[in-house]
Amino acid sequence: MKFLNALALAAAVLFAAPAAAQTEADFIAAFAGDWLTFEPSLSSSGQCQVVLDQARNEIGYTVSTTGCAGPLVDLGGWGIVNNQLALLDSEGAIRVRLGGNQTRMTGDTADGRAVIFERAGTPGRAITAAGISSGTCIYLGYTASCAEVAALEAPAFDDDDLPQARILVDLNARAEARPDANVVATIPQNTCVALEQCLEASDGRWCRAQVADTGAWIRQQVVRRGQWPALTYVNGCAR
């Protein structure tokens with residue numbers, strides 16, 4: 001069924017849209033534009049760009065992509081489905097569902113993979129391995145010790161065991177991979193957690209960790225007091 005027939009904006013959407021954005025047209029205008037994902041599994045060139053256009057097509061609204069891979073290839077359109085922003089294939093089937101705000105959206109692909117999209121031009125503050133190699137210090141938690149390059153390596157996932165991480169600070173775990181998402185729990189310093197999935201973003205790596213009986217997202221890099229970059233967790237549970 002073509003998605004165009006299903007476009008209807010409910011009064012309470014799952015996005016932090018402006019108060020004035022009460023109509024479908026206002027909502028589409030608010031979220032149209034250039035969006036990026038830095039997740040390697042969704043990109044063929046380091047980053048994937050998705051342009052959400054306000055022009056209509058037979059699927060919903062037009063969309064174009066550059067440097068994308070996997071479910072973000074050959075998109076047919078975008079629009080609103082059940083109060084979420086949806087990326088659609090050429091038949092109107094949902095490839096990706098997203099929620100969030102006008103600078104960052106998070107959600108899932110149809111096959112269950114989590115995704116992060118950021119508005120193009122949003123400033124990122126993540127420290128990379130290259131930055132550490134050139135002399136930049138990213139602190140280990142709230143200590144005075146600088147992290148080694150190896151601390152920024154992505155955890156290794158395999159079919160047998162989930163990778164572990166050691167929490168370096170009392171760390172908020174959130175419902176989504178966004179700094180403004182609801183806090184599910186606060187993980188105490190020196191706790192060892194299992195990681196279910198990790199995603200790359202402009203503000204560093206976010207991983208979904210097993211917290212009690214649920215999963216929640218933890219951010220690996222923060223800025224202490226607005227000026228000192230720090231890691232909140234490292235791979236492995238050794239101290």
# chains A, B, ... in the order shown; residues from 1 in each chain; ligands from 1
$ select_by_dssp --residues "region 80-137 of chain A" --states "alpha helix (DSSP H)" --output "VMD selection string"
chain A and resid 129 to 133
$ write_last_selection --atoms "C-alpha atoms" --output "PDB file, in the first residue's frame"
ATOM      1  CA  ALA A 129      42.679   8.130  17.653  1.00  0.00           C
ATOM      2  CA  ALA A 130      44.461  10.591  15.376  1.00  0.00           C
ATOM      3  CA  GLY A 131      43.838  13.348  17.902  1.00  0.00           C
ATOM      4  CA  ILE A 132      45.354  11.298  20.715  1.00  0.00           C
ATOM      5  CA  SER A 133      48.345  10.439  18.525  1.00  0.00           C
TER       6      SER A 133
END
$ atom_distance --atom1 "CA of Glu176 (chain A)" --atom2 "CA of Trp217 (chain A)"
5.9 Å
$ residues_around --residues "Ile28 (chain A)" --least-positions-apart "3" --cutoff "8 Å" --atoms "only C-alpha atoms" --output "PyMOL selection string"
chain A and resi 24-25+31-32+54+79
$ closest_atom_pairs --of "region 134-173 of chain A" --to "region 184-187 of chain A" --cutoff "7 Å" --atoms "only C-alpha atoms" --output "JSON lines"
{"residue": "A:Asp170", "atom": "CA", "partner": "A:Ile187", "partner_atom": "CA", "distance": 5.6}
{"residue": "A:Leu171", "atom": "CA", "partner": "A:Ile187", "partner_atom": "CA", "distance": 5.1}
{"residue": "A:Asn172", "atom": "CA", "partner": "A:Thr186", "partner_atom": "CA", "distance": 4.4}
{"residue": "A:Ala173", "atom": "CA", "partner": "A:Ala185", "partner_atom": "CA", "distance": 5.3}
